[in-house]
Amino acid sequence: MEAFHLLSRGGIKFDKRKYREDVKLFNKSSTSSKNTPSAQKIKNDHLPAELDFFKYTQDAGQKRKPQLDDLGGRKKRRKRDSGPQVEDDEEGNSDAGSIVAVEEQLVTQRHQVKTKGSNVPSHFETFEELRTRYSLPSHISSNLEKYGYSRPTSIQSYAIPILLESRDLAAISPTGTGKTLSYLLPTMIALDSPNSKGKKDYGSGARAVILAPTRELAHQIHNECLKLAEGRKWRITLFSKATASTLADKNVRDKVDIIIGTPLRLVTSLQQGHLDLSNVRHLILDEADRMLDSEFLDQIEEIFATCSRPDVQKAVFSATLPANAEKVAFDVLRDPIRVVVGLKDTPLPSIVQSLTYVADDSSKLPTLLAHLSQPYKPPVLVFTSTQSRASSLAEELVISGVPNVDCLHAGMTKKEREDAIGRMRRGESWITISTEVMARGMDFKGVMEVINYDFPQSVQSYIHRIGRTGRAGREGKAVTYFTNDDAPFLKPIANVLLQSGSPVPEWVVKLPKPSKMKRRQMGRVKRPDTVNKARSIGRNQALKKRDMIAGSKRRKAKEERKVMLETES
DNA sequence: AAAAAAC
């Protein structure tokens with residue numbers, strides 16, 4: 001392994017001049033976002049690229065135009081070519097007669113946002129508007145400016161008011177459209193100021209919890225949160241083994257404002273009695289469909305049950321939310337609002353997708369090497385199905401003389417993972433071979449291309465993987481290899497390409513319906529075995545019981561829970 | 001069937 005890293009870091013000579021332009025772009029984008037090309041664009045254009053996700057499909061061949069001046073013209077075009085995009089709630093804000101309502105609808109159409117739920121709070125258009133409507137703390141306001149957030153994205157303009165009105169929310173918005181800020185901003189506004197001794201009625205212990213499926217993503221969210229927090233003494237904890245042990249001290253624990261972490265880490269601390277979530281007022285699931293699938297569900301349920309405040313606000317965010325996951329989500333949300341940006345399960349049109357037929361597994365490596373022998377724009381992200389395939393492919397590429405190859409999967413040590421992420425962020429990796437661990441949420445703004453070396457296991461996986469490129473209004477390229485063995489699972493992915501306007505070979509379109517894909521998915525749902533199920537039920541009943549017992553009796557209930565678990569196993 | 005998440 002060490003030899004491999006040596007090789008991949010400096011072993012091979014390479015003509016960097018060939019890629020000078022790309023390297024320049026890449027280096028730029030990995031520095032402070034203040035100076036990134038995208039931030040510049042926001043300042044210069046009337047409509048930031050971040051807002052204009054659908055420029056390619058909606059205005060094909062047309063230049064972007066200043067939005068406000070163009071409203072009238074747009075209105076007519078939209079009316080002609082597509083049905084209404086707004087799905088009004090049962091309260092009905094559809095006063096078709098008033099000008100305000102018409103404009104409202106226009107803006108909604110531009111954003112392609114659908115909302116569902118009772119009394120949906122109105123969205124906002126500028127952060128200035130947000131500042132006047134709600135009390136936006138000045139340090140947050142200046143941090144937004146500092147980091148180049150000059151106009152809200154669609155999901156931000158809808159989700160932020162909903163969360164600020166203390167409503168529960170299920171938000172679906174494509175990859176790279178600013179979901180993180182959509183929940184961090186309102187959470188921090190609602191918390192108002194850092195907790196400190198004897199101040200206000202903040203209670204003791206963390207007031208907000210944000211959960212993500214991987215360490216890397218939790219880390220990234222933490223970084224974003226720290227940016228917003230600059231200028232005030234917020235205590236934002238990235239929950240790891242190390243921080244967990246410091247939180248064993250109640251005095252430390254009580255001073256935390258926001259906890260960001262992975263579920264199992266929190267559950268472990270809960271069971272050790274090192275964590276108290278009874279003061280949590282805001283609970284957020286990022287990558288919600290992943291967090292609600294069978295492997296995480298028990299843990300999530302335990303965490304939800306332990307956030308015992310009756311008024312805890314819950315919100316779930318993802319780019320994909322299959323019907324079964326949505327049902328689970330709606331069972332835990334209270335009078336929720338559902339927001340969908342764009343078409344569900346459709347990647348951003350700025351990602352150019354293609355399928356590449358490789359007869360069998362042994363043809364993949366030559367195909368990839370041939371691809372990489374052509375000029376390409378780094379960095380490239382390559383997905384494999386297993387950790388060992390990721391490592392061995394990385395080694396193969398290094399042996400074949402491909403420069404700046406890196407590998408990242410959860411089988412590596414924490415340090416190795418952090419180093420690999422660091423090299424990616426600094427632009428030192430040109431090709432990173434990875435597993436599903438990198439598929440969701442990770443924001444490497446410069447990623448030019450995603451290659452699905454191994455076929456993704458689901459439509460959701462496909463959408464999240466290719467969503468590592470084409471972020472924040474940039475363009476991106478996504479190539480997916482498929483073998484004869486993958487053919488039975490090809491149709492659903494091909495449909496995703498078709499729906500987002502990417503070409504698909506005719507014979508693929510003609511493939512029969514994917515019966516095996518369904519069977520495969522059924523198999524996945526069935527996986528939690530009966531023993532696990534019984535344990536989880538026991539745990540939840542114990543937790544419910546515990547909730548009924550106030551304050552000092554909590555300890556006793558916890559003992560009961562332990563006993564119940566022991567007797568079951 | 002694999003990956004991810006604790007120790």
# chains A, B, ... in the order shown; residues from 1 in each chain; ligands from 1
>>> residues_around(residues="range 307-318 of chain A", least_positions_apart="5", cutoff="7 Å", atoms="only C-alpha atoms (C1' of nucleotides)", output="PyMOL selection string")
chain A and resi 166-173+277-289+333+547
>>> write_last_selection(atoms="N, CA and C atoms", output="CSV table (one decimal), in the first residue's frame")
chain,number,residue,atom,x,y,z
A,166,SER,N,-40.8,27.1,11.4
A,166,SER,CA,-40.9,26.0,12.3
A,166,SER,C,-41.6,24.8,11.8
A,167,ARG,N,-41.6,24.7,10.5
A,167,ARG,CA,-42.4,23.6,9.9
A,167,ARG,C,-41.4,22.4,9.6
A,168,ASP,N,-42.0,21.2,9.6
A,168,ASP,CA,-41.3,20.0,9.1
A,168,ASP,C,-41.2,20.0,7.6
A,169,LEU,N,-40.1,19.4,7.1
A,169,LEU,CA,-39.9,19.5,5.6
A,169,LEU,C,-39.3,18.3,5.0
A,170,ALA,N,-39.8,17.9,3.9
A,170,ALA,CA,-39.1,16.9,3.0
A,170,ALA,C,-38.7,17.6,1.7
A,171,ALA,N,-37.4,17.8,1.5
A,171,ALA,CA,-37.0,18.6,0.4
A,171,ALA,C,-36.2,17.7,-0.6
A,172,ILE,N,-36.6,17.8,-1.9
A,172,ILE,CA,-35.9,17.0,-2.9
A,172,ILE,C,-35.4,18.0,-3.9
A,173,SER,N,-34.1,18.1,-4.1
A,173,SER,CA,-33.6,19.0,-5.0
A,173,SER,C,-32.3,18.4,-5.6
A,277,LEU,N,-29.8,14.1,24.0
A,277,LEU,CA,-30.4,14.8,22.9
A,277,LEU,C,-31.8,15.4,23.4
A,278,SER,N,-32.0,15.5,24.6
A,278,SER,CA,-33.3,16.0,25.1
A,278,SER,C,-33.5,17.5,24.9
A,279,ASN,N,-32.5,18.2,24.5
A,279,ASN,CA,-32.6,19.6,24.2
A,279,ASN,C,-32.6,20.0,22.7
A,280,VAL,N,-32.6,18.9,21.9
A,280,VAL,CA,-32.5,19.1,20.4
A,280,VAL,C,-33.9,19.7,19.9
A,281,ARG,N,-33.7,20.8,19.2
A,281,ARG,CA,-34.9,21.5,18.6
A,281,ARG,C,-35.0,21.3,17.1
A,282,HIS,N,-33.8,21.0,16.5
A,282,HIS,CA,-33.7,20.9,15.0
A,282,HIS,C,-33.0,19.6,14.7
A,283,LEU,N,-33.6,18.7,13.9
A,283,LEU,CA,-33.1,17.5,13.6
A,283,LEU,C,-33.1,17.3,12.1
A,284,ILE,N,-32.0,17.1,11.4
A,284,ILE,CA,-31.9,17.1,10.0
A,284,ILE,C,-31.2,15.9,9.5
A,285,LEU,N,-31.9,15.3,8.5
A,285,LEU,CA,-31.3,14.1,7.8
A,285,LEU,C,-30.8,14.6,6.4
A,286,ASP,N,-29.6,14.5,6.2
A,286,ASP,CA,-29.1,14.8,4.8
A,286,ASP,C,-29.0,13.4,4.1
A,287,GLU,N,-29.2,13.4,2.8
A,287,GLU,CA,-29.2,12.1,2.0
A,287,GLU,C,-30.3,11.2,2.7
A,288,ALA,N,-31.5,11.8,2.8
A,288,ALA,CA,-32.5,11.1,3.6
A,288,ALA,C,-32.9,9.7,3.1
A,289,ASP,N,-32.9,9.5,1.9
A,289,ASP,CA,-33.3,8.1,1.4
A,289,ASP,C,-32.3,7.1,1.8
A,333,LEU,N,-42.4,12.8,10.2
A,333,LEU,CA,-42.6,14.3,10.1
A,333,LEU,C,-44.0,14.7,10.6
A,547,ASP,N,-39.5,7.5,27.3
A,547,ASP,CA,-40.0,8.9,27.1
A,547,ASP,C,-41.1,9.3,28.1
>>> interface_residues(of="chain A", to="chain B", cutoff="9 Å", atoms="only C-alpha atoms (C1' of nucleotides)", output="ChimeraX atom specification")
/A:213-215,241,262-265,267-268,295-296,385-387,410,435-437
>>> residues_around(residues="Gly203 in chain A", least_positions_apart="2", cutoff="12 Å", atoms="only C-alpha atoms (C1' of nucleotides)", output="list in words")
Leu191, Pro194, Asn195, Ser196, Lys197, Gly198, Lys199, Lys200, Asp201, Gly205, Ala206, Arg207, Arg253, Asp254, Lys255, Val256, Asp257, Asp276, Leu277, Ser278, Asn279, Val280, Arg281 and Arg309 of chain A
>>> select_by_dssp(residues="range 181-397 of chain A", states="strand (DSSP E or B)", output="VMD selection string")
chain A and resid 208 to 211 236 to 238 258 to 261 282 to 285 313 to 318 337 to 341 351 to 357 380 to 383
>>> write_last_selection(atoms="C-alpha atoms", output="PDB file, in the first residue's frame")
ATOM      1  CA  ALA A 208     -29.460  20.953  16.625  1.00  0.00           C
ATOM      2  CA  VAL A 209     -28.367  17.627  15.143  1.00  0.00           C
ATOM      3  CA  ILE A 210     -27.448  17.018  11.517  1.00  0.00           C
ATOM      4  CA  LEU A 211     -26.975  13.448  10.307  1.00  0.00           C
ATOM      5  CA  ILE A 236     -20.250  23.123  16.272  1.00  0.00           C
ATOM      6  CA  THR A 237     -19.121  19.565  16.842  1.00  0.00           C
ATOM      7  CA  LEU A 238     -18.130  17.149  14.137  1.00  0.00           C
ATOM      8  CA  ILE A 258     -24.817  21.915  16.851  1.00  0.00           C
ATOM      9  CA  ILE A 259     -23.787  18.292  16.412  1.00  0.00           C
ATOM     10  CA  ILE A 260     -22.946  16.953  12.965  1.00  0.00           C
ATOM     11  CA  GLY A 261     -22.227  13.256  12.554  1.00  0.00           C
ATOM     12  CA  HIS A 282     -33.728  20.883  15.041  1.00  0.00           C
ATOM     13  CA  LEU A 283     -33.064  17.460  13.579  1.00  0.00           C
ATOM     14  CA  ILE A 284     -31.932  17.133   9.980  1.00  0.00           C
ATOM     15  CA  LEU A 285     -31.279  14.128   7.795  1.00  0.00           C
ATOM     16  CA  GLN A 313     -38.397  20.284  14.096  1.00  0.00           C
ATOM     17  CA  LYS A 314     -37.501  17.547  11.642  1.00  0.00           C
ATOM     18  CA  ALA A 315     -36.359  17.947   8.074  1.00  0.00           C
ATOM     19  CA  VAL A 316     -35.100  15.525   5.451  1.00  0.00           C
ATOM     20  CA  PHE A 317     -33.120  16.436   2.333  1.00  0.00           C
ATOM     21  CA  SER A 318     -32.004  14.467  -0.694  1.00  0.00           C
ATOM     22  CA  ILE A 337     -44.339  20.290   3.584  1.00  0.00           C
ATOM     23  CA  ARG A 338     -42.867  18.595   0.549  1.00  0.00           C
ATOM     24  CA  VAL A 339     -40.751  20.582  -1.868  1.00  0.00           C
ATOM     25  CA  VAL A 340     -39.506  19.174  -5.152  1.00  0.00           C
ATOM     26  CA  VAL A 341     -37.118  21.147  -7.356  1.00  0.00           C
ATOM     27  CA  ILE A 351     -24.398  16.765 -16.994  1.00  0.00           C
ATOM     28  CA  VAL A 352     -23.740  15.147 -20.367  1.00  0.00           C
ATOM     29  CA  GLN A 353     -24.393  11.453 -19.855  1.00  0.00           C
ATOM     30  CA  SER A 354     -23.440   8.497 -22.016  1.00  0.00           C
ATOM     31  CA  LEU A 355     -23.404   4.692 -21.921  1.00  0.00           C
ATOM     32  CA  THR A 356     -20.412   2.685 -23.074  1.00  0.00           C
ATOM     33  CA  TYR A 357     -20.778  -0.976 -23.955  1.00  0.00           C
ATOM     34  CA  VAL A 380     -12.031  12.482 -12.853  1.00  0.00           C
ATOM     35  CA  LEU A 381     -13.957  10.378 -10.389  1.00  0.00           C
ATOM     36  CA  VAL A 382     -14.224   6.632 -11.111  1.00  0.00           C
ATOM     37  CA  PHE A 383     -16.731   4.426  -9.272  1.00  0.00           C
TER      38      PHE A 383
END
>>> atom_distance(atom1="CA of Gly501 in chain A", atom2="CA of Pro349 in chain A")
7.1 Å
>>> residues_around(residues="Leu136 in chain A", least_positions_apart="6", cutoff="9 Å", atoms="only C-alpha atoms (C1' of nucleotides)", output="NGL selection string")
:A and (130 or 189 or 192)
>>> atom_distance(atom1="CA of Gln156 in chain A", atom2="CA of Thr175 in chain A")
13.3 Å
>>> atom_distance(atom1="CA of Ala494 in chain A", atom2="CA of Asp360 in chain A")
18.7 Å
